[in-house]
Amino acid sequence: MFILGMDTATPQVGVAIGGSANGGTVLAEVRIAGDRRHAEQLAPAIQHVCNESGVRLDQLSAIAVGIGPGLFTGLRVGVTTAKVMAQALRIPVVAVSSLDLIATPLLDGNGGRAHALVVPVIDARRREVFSARYRVVPGGVQREGDYTVGSVEDLIADLEAGSEHVLLAGDGVSRYREQFAGLDRSEIAGPEFGFPSVTALVQLAAGRVEREEFVQPWDVHPMYLRESDAELHWQTPR
Amino acid sequence: MVGLGASKGGAILALETSCDETAAAVVAHGTEILSSVVSSQVDLHARFGGVVPEIASRAHVELVGPVIADALGEAGVELGELTAIAATCGPGLAGALLVGVSAAKALALVADLPYVGVNHLEAHCYAAWLEQPDLEPPLAVLVASGGHTLVVIFEGHGNLRVVGQTVDDAAGEAFDKVARHLGLGYPGGPLIDRLARDGDPAAIAFPRAMPGEPDFSFSGLKTAVVQHRRRDPGGAIADVAASFQEAVVDQLVDKLVRAADEAGASTLVLGGGVAANSRLRARVAEVAEATGRAAFLPPLDLCTDNAAMIAATAWWRLQSDGPTPLDAGVQPSLSIT
């Protein structure tokens, strides 16, 4: 059986397909960077990985999706596609935070071990970023604390206050590179770690499918972390 | 190739998420409604006095799966028995359209069916076909809703031209704004319609904008209502509602008839949420009779946003243009060309 994974939480559209056994060997992968045309690029990318791998959609045992946080519109394209495909195929969904998908690949010989903390940062616009902290543990990275949204300055001040070595990655870091470069005891991961990894998604999902750690399509929700402007303003006392 | 020989005979599943209704429907041959499901978000937007795009988009993500399941279930059709999957690709709210288009493409991929992107405005014109497949073109169609107000001459399938449209607010928007000003609530159309029944439509002479021209304007009318209320704050609110509604309906009917005259159209058709207005329906029926024309007033659930009209339009589009490529996006400002 096979797993199809997709993430559209950032300007990158990522799709991968892999076997659900043996830790999720990826058979085909597409990454399209940059122009935020998620709705146009995702379906052809899915067709492409199916053609490349020779896997038909009716051979899937689960769909995996990065649920954000990230670009609201991009997120909705990926989450809607994953939910509706899974519903139609009558298979479960493995929902993974897109921050986890930036942090996970920073493990294996990519410098993660030399650092106490791994901090993926996704651009949230309006001078804010989505982030979370991960600690390197044997066999993986473990998240500490919540997924958060906040100003770039607050995140940097928080990291500055700690005394640990930090490995940073993600499009939020590239966007505010100058500010992050001033942070002591830190390193910025290479551009290849800038976006959520769909290879990591398929691999994580393979393990979770085996342990039956999945949800039904209607229980998959985007991780927005921020209310709509209307609701924010509505709640502000006037 | 479009296969029409399936056992369910050319049934199309369509999705509509252009504004604040999440809808799915299954229609066979562009005329026979097997199911039509609409999940309204009106309660989510009521406290803001209008549709909030981000809230609408988020709700569509949650509702689209259930409406698809309901539409297929009610129709008694399996995904694999369908001929195509369609979705509204514009005009509408970009973030909202993306959800329906993404869901439709996902179904098209799974079932290996053609995808058809549909123009929402064209679909409002096709709603009439669902009830009356033997309408004789050319038709003069008035589409009036919260987002659009235009008159379309329908010469034949795929042959539509816009002969007039609003230069500022949509008619439904005017109803919402005036209802809010009068403290009635949201959505404004049904509230004003109800209140106006107790008022005198000739009590206040509100302006009829752009006389003798094909286009519409409603922003001045809203201002006139506000100014009138300032001058006469104690006046009967039902008279204000009735007189305002009459001014809107006069303008809509006047331009519809004018377009029908020029195009030689012998049938008047209504579409869009404002077509649910009881005064507009009565006046169009009257004027049709007086000018020796037929009036086609679709049932209310085909006037407001629904997916059955999307499926009907997709049927004809698929015949004439074939499937829409899967790399096609949404077109928030799409017009009828």
# chains A, B, ... in the order shown; residues from 1 in each chain; ligands from 1

call {"tool": "residues_around", "arguments": {"residues": "segment 203-217 of chain A", "least_positions_apart": "6", "cutoff": "7 Å", "atoms": "only C-alpha atoms", "output": "PyMOL selection string"}}
result
chain A and resi 20-21+23-24+64+83+86-87+92-94

call {"tool": "interface_residues", "arguments": {"of": "chain A", "to": "chain B", "cutoff": "9 Å", "atoms": "only C-alpha atoms", "output": "number ranges by chain"}}
result
A: 37-44, 46-47, 57-58, 72-73, 76-85, 87-89, 217-222, 227-231, 234

call {"tool": "write_last_selection", "arguments": {"atoms": "C-alpha atoms", "output": "PDB file, in the first residue's frame"}}
result
ATOM      1  CA  ARG A  37      -0.399  29.311  -7.490  1.00  0.00           C
ATOM      2  CA  HIS A  38      -1.277  26.396  -5.248  1.00  0.00           C
ATOM      3  CA  ALA A  39      -4.702  25.707  -6.718  1.00  0.00           C
ATOM      4  CA  GLU A  40      -3.271  25.530 -10.230  1.00  0.00           C
ATOM      5  CA  GLN A  41      -0.201  23.455  -9.377  1.00  0.00           C
ATOM      6  CA  LEU A  42      -1.383  20.898  -6.834  1.00  0.00           C
ATOM      7  CA  ALA A  43      -3.615  18.631  -8.955  1.00  0.00           C
ATOM      8  CA  PRO A  44      -1.091  18.374 -11.848  1.00  0.00           C
ATOM      9  CA  ILE A  46      -0.398  14.795  -7.860  1.00  0.00           C
ATOM     10  CA  GLN A  47      -0.911  13.430 -11.380  1.00  0.00           C
ATOM     11  CA  LEU A  57      -4.789   6.601  -6.317  1.00  0.00           C
ATOM     12  CA  ASP A  58      -6.933   3.570  -5.497  1.00  0.00           C
ATOM     13  CA  PHE A  72      -4.214  30.699   4.654  1.00  0.00           C
ATOM     14  CA  THR A  73      -5.179  30.295   1.005  1.00  0.00           C
ATOM     15  CA  ARG A  76      -6.916  25.549   2.296  1.00  0.00           C
ATOM     16  CA  VAL A  77      -5.973  24.207  -1.133  1.00  0.00           C
ATOM     17  CA  GLY A  78      -3.894  21.376   0.353  1.00  0.00           C
ATOM     18  CA  VAL A  79      -6.191  20.537   3.261  1.00  0.00           C
ATOM     19  CA  THR A  80      -9.326  20.583   1.070  1.00  0.00           C
ATOM     20  CA  THR A  81      -7.665  18.415  -1.572  1.00  0.00           C
ATOM     21  CA  ALA A  82      -6.439  15.899   1.031  1.00  0.00           C
ATOM     22  CA  LYS A  83      -9.772  15.750   2.881  1.00  0.00           C
ATOM     23  CA  VAL A  84     -11.883  15.336  -0.257  1.00  0.00           C
ATOM     24  CA  MET A  85      -9.566  12.752  -1.836  1.00  0.00           C
ATOM     25  CA  GLN A  87     -13.274  10.940   1.728  1.00  0.00           C
ATOM     26  CA  ALA A  88     -13.792   9.758  -1.849  1.00  0.00           C
ATOM     27  CA  LEU A  89     -11.239   6.939  -1.453  1.00  0.00           C
ATOM     28  CA  PRO A 217     -11.156  13.209   6.657  1.00  0.00           C
ATOM     29  CA  TRP A 218     -13.810  15.322   8.383  1.00  0.00           C
ATOM     30  CA  ASP A 219     -11.564  15.656  11.454  1.00  0.00           C
ATOM     31  CA  VAL A 220      -8.777  17.374   9.515  1.00  0.00           C
ATOM     32  CA  HIS A 221      -8.633  21.141  10.042  1.00  0.00           C
ATOM     33  CA  PRO A 222      -6.099  23.733   8.923  1.00  0.00           C
ATOM     34  CA  GLU A 227      -8.390  34.492  13.702  1.00  0.00           C
ATOM     35  CA  SER A 228      -9.749  36.369  10.698  1.00  0.00           C
ATOM     36  CA  ASP A 229      -9.322  40.150  10.809  1.00  0.00           C
ATOM     37  CA  ALA A 230     -13.050  40.625  11.242  1.00  0.00           C
ATOM     38  CA  GLU A 231     -13.095  38.461  14.355  1.00  0.00           C
ATOM     39  CA  TRP A 234     -14.854  42.469  16.529  1.00  0.00           C
TER      40      TRP A 234
END

call {"tool": "residues_around", "arguments": {"residues": "segment 144-158 of chain A", "least_positions_apart": "6", "cutoff": "8 Å", "atoms": "only C-alpha atoms", "output": "list in words"}}
result
Ala124, Arg127, Glu128, Val129, Phe130, Ser131, Ala132, Arg133, Tyr134, Arg135, Tyr176, Gln179, Phe180, Leu183, Leu225 and Arg226 of chain A

call {"tool": "select_by_dssp", "arguments": {"residues": "segment 178-297 of chain B", "states": "alpha helix (DSSP H)", "output": "ChimeraX atom specification"}}
result
/B:178-181,188-196,219-231,237-263,278-290

call {"tool": "closest_residue", "arguments": {"among": "B:Asp198, B:Glu32, B:Glu173, B:Asp250", "to": "Met309 of chain B", "atoms": "only C-alpha atoms"}}
result
B:Glu32

call {"tool": "residues_around", "arguments": {"residues": "segment 1-4 of chain A", "least_positions_apart": "6", "cutoff": "6 Å", "atoms": "only C-alpha atoms", "output": "list in words"}}
result
Ala16, Ile17, Gly18, Gly19, Ser20, Gln59, Leu60, Ser61, Ala62 and Ile63 of chain A

call {"tool": "write_last_selection", "arguments": {"atoms": "N, CA and C atoms", "output": "mmCIF file, in the first residue's frame"}}
result
data_model
loop_
_atom_site.group_PDB
_atom_site.id
_atom_site.type_symbol
_atom_site.label_atom_id
_atom_site.label_comp_id
_atom_site.auth_asym_id
_atom_site.auth_seq_id
_atom_site.Cartn_x
_atom_site.Cartn_y
_atom_site.Cartn_z
ATOM 1 N N ALA A 16 4.527 14.198 -2.565
ATOM 2 C CA ALA A 16 5.370 13.000 -2.649
ATOM 3 C C ALA A 16 4.507 11.769 -2.489
ATOM 4 N N ILE A 17 4.965 10.682 -3.079
ATOM 5 C CA ILE A 17 4.250 9.419 -2.934
ATOM 6 C C ILE A 17 5.270 8.356 -2.530
ATOM 7 N N GLY A 18 4.862 7.486 -1.610
ATOM 8 C CA GLY A 18 5.807 6.476 -1.148
ATOM 9 C C GLY A 18 5.098 5.234 -0.659
ATOM 10 N N GLY A 19 5.888 4.182 -0.434
ATOM 11 C CA GLY A 19 5.330 2.951 0.101
ATOM 12 C C GLY A 19 5.031 3.128 1.583
ATOM 13 N N SER A 20 3.979 2.517 2.055
ATOM 14 C CA SER A 20 3.648 2.698 3.466
ATOM 15 C C SER A 20 4.472 1.756 4.351
ATOM 16 N N GLN A 59 -4.712 2.727 -4.919
ATOM 17 C CA GLN A 59 -3.781 1.868 -4.174
ATOM 18 C C GLN A 59 -3.307 2.529 -2.877
ATOM 19 N N LEU A 60 -3.817 3.731 -2.587
ATOM 20 C CA LEU A 60 -3.369 4.439 -1.391
ATOM 21 C C LEU A 60 -4.030 3.865 -0.148
ATOM 22 N N SER A 61 -3.235 3.827 0.967
ATOM 23 C CA SER A 61 -3.830 3.415 2.233
ATOM 24 C C SER A 61 -4.104 4.626 3.118
ATOM 25 N N ALA A 62 -3.489 5.755 2.801
ATOM 26 C CA ALA A 62 -3.726 6.976 3.573
ATOM 27 C C ALA A 62 -3.242 8.174 2.776
ATOM 28 N N ILE A 63 -3.766 9.341 3.139
ATOM 29 C CA ILE A 63 -3.266 10.601 2.580
ATOM 30 C C ILE A 63 -2.660 11.378 3.729
#

call {"tool": "residues_around", "arguments": {"residues": "segment 143-153 of chain B", "least_positions_apart": "6", "cutoff": "9 Å", "atoms": "only C-alpha atoms", "output": "VMD selection string"}}
result
chain B and resid 19 92 121 to 122 124 to 125 137 159 to 166 169 to 176 214 to 216 252 255 to 256 259 to 260 263 265 269 to 275 303 to 304 336

call {"tool": "select_by_dssp", "arguments": {"residues": "segment 16-88 of chain B", "states": "strand (DSSP E)", "output": "list in words"}}
result
Glu16, Glu21, Thr22, Ala23, Ala24, Ala25, Val26, Val27, Ala28, Glu32, Ile33, Leu34, Ser35, Ser36, Val37, Val38, Ser39, Ser40, Ala84, Ile85, Ala86, Ala87 and Thr88 of chain B

call {"tool": "atom_distance", "arguments": {"atom1": "atom CA of Thr22 of chain B", "atom2": "atom CA of Val38 of chain B"}}
result
5.9 Å

call {"tool": "residues_around", "arguments": {"residues": "segment 222-229 of chain B", "least_positions_apart": "2", "cutoff": "9 Å", "atoms": "only C-alpha atoms", "output": "list in words"}}
result
Ala174, Phe175, Lys177, Val178, His181, Leu182, Ile204, Phe206, Pro207, Phe218, Ser219, Gly220, Arg231, Asp232, Pro233, Gly234, Gly235, Val240 and Phe244 of chain B

call {"tool": "atom_distance", "arguments": {"atom1": "atom CA of Gln251 of chain B", "atom2": "atom CA of Pro299 of chain B"}}
result
22.2 Å

call {"tool": "closest_residue", "arguments": {"among": "A:Leu168, A:Cys50, A:Ala189, A:Ala9", "to": "Gly34 of chain A", "atoms": "only C-alpha atoms"}}
result
A:Ala9
